[in-house]
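A.B. asks: Structure in structure tokens, see below.
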Amino acid sequence: MNTNDAKNHLDKVLDTIDANIDASIERLFELIRIPSVSTDPAYAADCRRAADWLAGELSGLGFEASVRDTARHPMVVGHDHSGEGPHVLFYGHYDVQPVDPLSLWNSDPFEPKLVPQLNGDTHIVARGASDDKGQLLTFVEACRAWKAVTGKLPIRVSTLFEGEEEISSPSLAPFLEKTSEELKADVVLVCDTDMWDAETPAVTTMLRGVLKEEIEITCADRDLHSGIYGNAARNALQVLSDIISSLRTPDGGVAVEGFYDGVEELPAAVKAQWQRLPFDEKGFLGDVGLSIPAGERGRSILEQVWARPTCEIHGIIGGYTDEGFKTVIPAKAKAKLSFRLVAGQDPEKIRVAFHTHVRARMPEDCKVEFLDHGASPATVMPIDGALLQKALGALTVEWEREAAIAGTGGSIPILGEFKRKLGMDSLLIGFARFDNRIHSPNEKYDLSSYRKGIRSWARILAAFAERD
């Protein structure tokens, strides 16, 4: 389909989406009713059923679609090369989180409900409504509308739907190795993120990587009486506390030598756009009972949580912690911590630097052991890319708000796999709202986001068909 064809057909495609929104909602309900909980083996057959359902929908739209087995839950792969121009790989996941605690749900988690709201919107309430079944289907339904109007898609499209995202995608890397040539495209599209606010769309262009570590300090060969050994014997908790306190600088930075090697300043254009975003710094911390930013001084909160690396302590274990009191000098102490990483930082180099930092502060008669809990690098999409700019333009037109170039403090390790195995950058375009309660009871997806998400993808596909 050439540029003019896509432009000429877009209005009719958008009208088709609106005219058939009830049917789109019913298809979403059908998918939601399949309890595809990936972490529980009792639901393995349901995960398979969800994969079969998606493959059937894609096949019905003319995709060459199939269910592919893995060591656990299957992948769904689809291809439609009826269009011309760029080739995109759309990724989503059909697995969902467990529903516990069931008693906190207002209705059956796998029987979706439409709940009208005072603001005139309607909530689709169910497990997976937002994460990620509703978001995934916004793209499929946009393809459906294009097919209904023109019989083909504006560009070349492949899809990859997995059933293990909620359990850290253990089968994804080996699957990508086997299918690297088949799935290679110009860009990965992901619809599993949030909008900037309730009315402002966003393209997430940077995600921090993560390094997760556990350390165990051992001093004496057993716990000791503090009256007999106090002062003379090393206290494992004290050694651990000293090490933890040495990890941060007084100005909020990270004190590990070499930690900031390769870290670059935020591009001026992105910094300027973030300054224009309606972000309430006081409210951000005030909502959790705080008021003073703890990160690097002189940097905005958005910089601190999106574009700067961190070191955080998640748990300390050691000594006597039950009711009452026990005057013990603990022989062992543990801590769990993570580093959120940005572009330019190598997780393995940071791991080595952290281990070196800790060992340099260990007393000679004590020992430390490290336990690796995983690592992944940061993901950054070039902001001057043609497809990114076209996506921003399409979103701005649909939502009648300037689409934001956003970052996120979280990490999505699978994007690193796409980059490493396929050499592909990712565009994260999501339509969830921050109050969607994903992973929690009464998860919801706003009906307005579902409808406008479908329309947004229809516009993006048309924009991608335009020649530069």
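Labeling convention for the structure tokens: chains A, B, ... as they appear, residues from 1 per chain, ligands from 1 in order of appearance.
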Using only C-alpha atoms, which residues sit within 12 Å of Ala269 in chain A once same-chain residues fewer than 4 positions away are excluded, as a list of chain:residue names?
C.D. replies: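 Once the nearby chain positions are removed, what remains is A:Glu265, A:Gln273, A:Trp274, A:Gln275, A:Arg276, A:Pro382, A:Ile383, A:Asp384, A:Ala404, A:Ile405.
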A.B. asks: Deliver the residues from the most recent selection as a file, using N, CA and C atoms, as an mmCIF file, in the first residue's frame.
C.D. replies:
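Below is the file part_9.cif, written as the result:
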```
data_model
loop_
_atom_site.group_PDB
_atom_site.id
_atom_site.type_symbol
_atom_site.label_atom_id
_atom_site.label_comp_id
_atom_site.auth_asym_id
_atom_site.auth_seq_id
_atom_site.Cartn_x
_atom_site.Cartn_y
_atom_site.Cartn_z
ATOM 1 N N GLU A 265 25.038 12.701 29.911
ATOM 2 C CA GLU A 265 23.977 13.603 30.321
ATOM 3 C C GLU A 265 22.757 13.431 29.416
ATOM 4 N N GLN A 273 11.856 18.814 26.805
ATOM 5 C CA GLN A 273 10.492 18.293 26.722
ATOM 6 C C GLN A 273 9.996 17.852 28.082
ATOM 7 N N TRP A 274 10.855 17.231 28.870
ATOM 8 C CA TRP A 274 10.453 16.812 30.211
ATOM 9 C C TRP A 274 10.085 18.020 31.067
ATOM 10 N N GLN A 275 10.792 19.130 30.862
ATOM 11 C CA GLN A 275 10.478 20.340 31.627
ATOM 12 C C GLN A 275 9.103 20.890 31.265
ATOM 13 N N ARG A 276 8.633 20.587 30.038
ATOM 14 C CA ARG A 276 7.311 21.058 29.619
ATOM 15 C C ARG A 276 6.186 20.158 30.123
ATOM 16 N N PRO A 382 16.879 5.820 19.986
ATOM 17 C CA PRO A 382 17.290 7.139 19.482
ATOM 18 C C PRO A 382 16.072 8.034 19.243
ATOM 19 N N ILE A 383 16.115 9.244 19.785
ATOM 20 C CA ILE A 383 14.928 10.114 19.706
ATOM 21 C C ILE A 383 14.762 10.767 18.347
ATOM 22 N N ASP A 384 15.782 10.673 17.494
ATOM 23 C CA ASP A 384 15.661 11.277 16.170
ATOM 24 C C ASP A 384 15.279 10.259 15.107
ATOM 25 N N ALA A 404 4.290 12.656 24.612
ATOM 26 C CA ALA A 404 5.513 12.808 25.391
ATOM 27 C C ALA A 404 6.543 11.754 24.999
ATOM 28 N N ILE A 405 7.806 12.165 25.032
ATOM 29 C CA ILE A 405 8.916 11.223 24.976
ATOM 30 C C ILE A 405 9.253 10.897 26.426
#
```
A.B. asks: Just list the residues in range 30-166 of chain A DSSP gives strand (DSSP E or B) on the backbone, as a VMD selection string.
C.D. replies: chain A and resid 37 64 to 68 75 to 80 87 to 93 96 113 to 116 122 to 125 156 to 162
A.B. asks: Skip His357 in chain A itself and residues of its chain fewer than 2 positions away, then list as a list in words all residues within 10 Å of it, counting only C-alpha atoms.
C.D. replies: Ile243, Ser246, Leu247, Ala255, Val256, Glu257, Arg351, Val352, Ala353, Phe354, His355, Arg359, Ala360, Arg361 and Met362 of chain A
A.B. asks: Leaving out Gly262 in chain A and any residue of its chain fewer than 3 positions from it, which residues lie within 8 Å of it when counting only C-alpha atoms, given as an MDAnalysis selection string?
C.D. replies: chainID A and resid 343:345
A.B. asks: Store the residues picked out above in a file with C-alpha atoms, as a PDB file, in the first residue's frame.
C.D. replies:
```pdb
ATOM      1  CA  ALA A 343      22.742   3.620  28.848  1.00  0.00           C
ATOM      2  CA  GLY A 344      26.507   3.285  28.847  1.00  0.00           C
ATOM      3  CA  GLN A 345      26.659   1.035  31.900  1.00  0.00           C
TER       4      GLN A 345
END
```
A.B. asks: Name the residues in contact with Asp95 in chain A at a cut-off of 6 Å, using only C-alpha atoms, excluding same-chain residues fewer than 6 positions from it; report them as a CSV table (one decimal) with C-alpha atoms, in the first residue's frame.
C.D. replies:
```
chain,number,residue,atom,x,y,z
A,36,SER,CA,-3.9,-17.9,31.5
A,37,VAL,CA,-1.9,-17.7,34.8
A,38,SER,CA,1.7,-18.6,33.7
A,163,GLY,CA,2.9,-16.7,27.7
```
A.B. asks: Could you check the closest approach to Ala378 in chain A for each of A:Pro170, A:Pro278, A:Gly60, A:Gly209 and tell me which residue wins, using only C-alpha atoms?
C.D. replies: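 Distance minimum relative to Ala378 in chain A lands on A:Gly209.
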A.B. asks: Compile the contact shell of range 194-204 of chain A as a list of chain:residue names: residues with an atom at most 6 Å away, counting only C-alpha atoms, same-chain residues fewer than 3 positions apart removed.
C.D. replies: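 What passes the distance filter is A:Arg401, A:Ala403, A:Ala404, A:Ile405, A:Ala406, A:Gly407, A:Leu428, A:Ile429, A:Gly430, A:Phe431, A:Ala432, A:Arg433.
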A.B. asks: Per residue of range 416-435 of chain A within 7 Å of range 171-189 of chain A, what are the shortest atom pair and its distance in Å to one decimal, counting only C-alpha atoms, with rows by chain and residue number, as a tab-separated table?
C.D. replies:
```
residue	atom	partner	partner_atom	distance
A:Glu417	CA	A:Ala173	CA	6.2
A:Lys421	CA	A:Glu177	CA	6.2
A:Leu422	CA	A:Ser180	CA	5.8
A:Met424	CA	A:Val187	CA	5.6
A:Asp425	CA	A:Val187	CA	5.5
A:Ser426	CA	A:Val188	CA	4.5
A:Leu427	CA	A:Leu189	CA	5.0
A:Leu428	CA	A:Leu189	CA	6.1
```
A.B. asks: So that I have them on file, write out the residues from the current selection with N, CA and C atoms, as a short mmCIF file (atom, residue, chain, number, x, y, z; two decimals), in the first residue's frame.
C.D. replies:
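Now in out_39.cif:
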```cif
data_model
loop_
_atom_site.label_atom_id
_atom_site.label_comp_id
_atom_site.auth_asym_id
_atom_site.auth_seq_id
_atom_site.Cartn_x
_atom_site.Cartn_y
_atom_site.Cartn_z
N GLU A 417 16.84 -8.58 25.21
CA GLU A 417 16.94 -9.79 24.39
C GLU A 417 16.67 -9.46 22.92
N LYS A 421 19.64 -10.40 20.53
CA LYS A 421 19.42 -11.52 19.62
C LYS A 421 19.03 -11.08 18.21
N LEU A 422 18.31 -9.97 18.10
CA LEU A 422 17.81 -9.55 16.79
C LEU A 422 18.41 -8.22 16.32
N MET A 424 17.49 -5.26 17.28
CA MET A 424 16.37 -4.36 17.03
C MET A 424 16.09 -3.45 18.20
N ASP A 425 15.84 -2.16 17.90
CA ASP A 425 15.36 -1.23 18.91
C ASP A 425 13.87 -1.43 19.11
N SER A 426 13.37 -0.90 20.24
CA SER A 426 11.96 -1.08 20.59
C SER A 426 11.29 0.27 20.79
N LEU A 427 10.06 0.37 20.31
CA LEU A 427 9.20 1.52 20.59
C LEU A 427 8.11 1.06 21.54
N LEU A 428 8.06 1.65 22.73
CA LEU A 428 7.06 1.28 23.73
C LEU A 428 5.95 2.31 23.70
#
```
A.B. asks: DSSP on the backbone: what in range 228-269 of chain A comes out helix (DSSP H, G or I), as a list in words?
C.D. replies: Ile228, Tyr229, Ala236, Leu237, Gln238, Val239, Leu240, Ser241, Asp242, Ile243, Ile244, Ser245, Ala268 and Ala269 of chain A
A.B. asks: Could you please determine the separation between CA of Pro309 in chain A and CA of Arg340 in chain A in Å, to one decimal place?
C.D. replies: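 Interatomic distance here is 5.2 Å.
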A.B. asks: May I ask for the distance between CA of Gln97 in chain A and CA of His73 in chain A, given in Å to one decimal place?
C.D. replies: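 Separating CA of Gln97 in chain A from CA of His73 in chain A is a distance of 14.3 Å.
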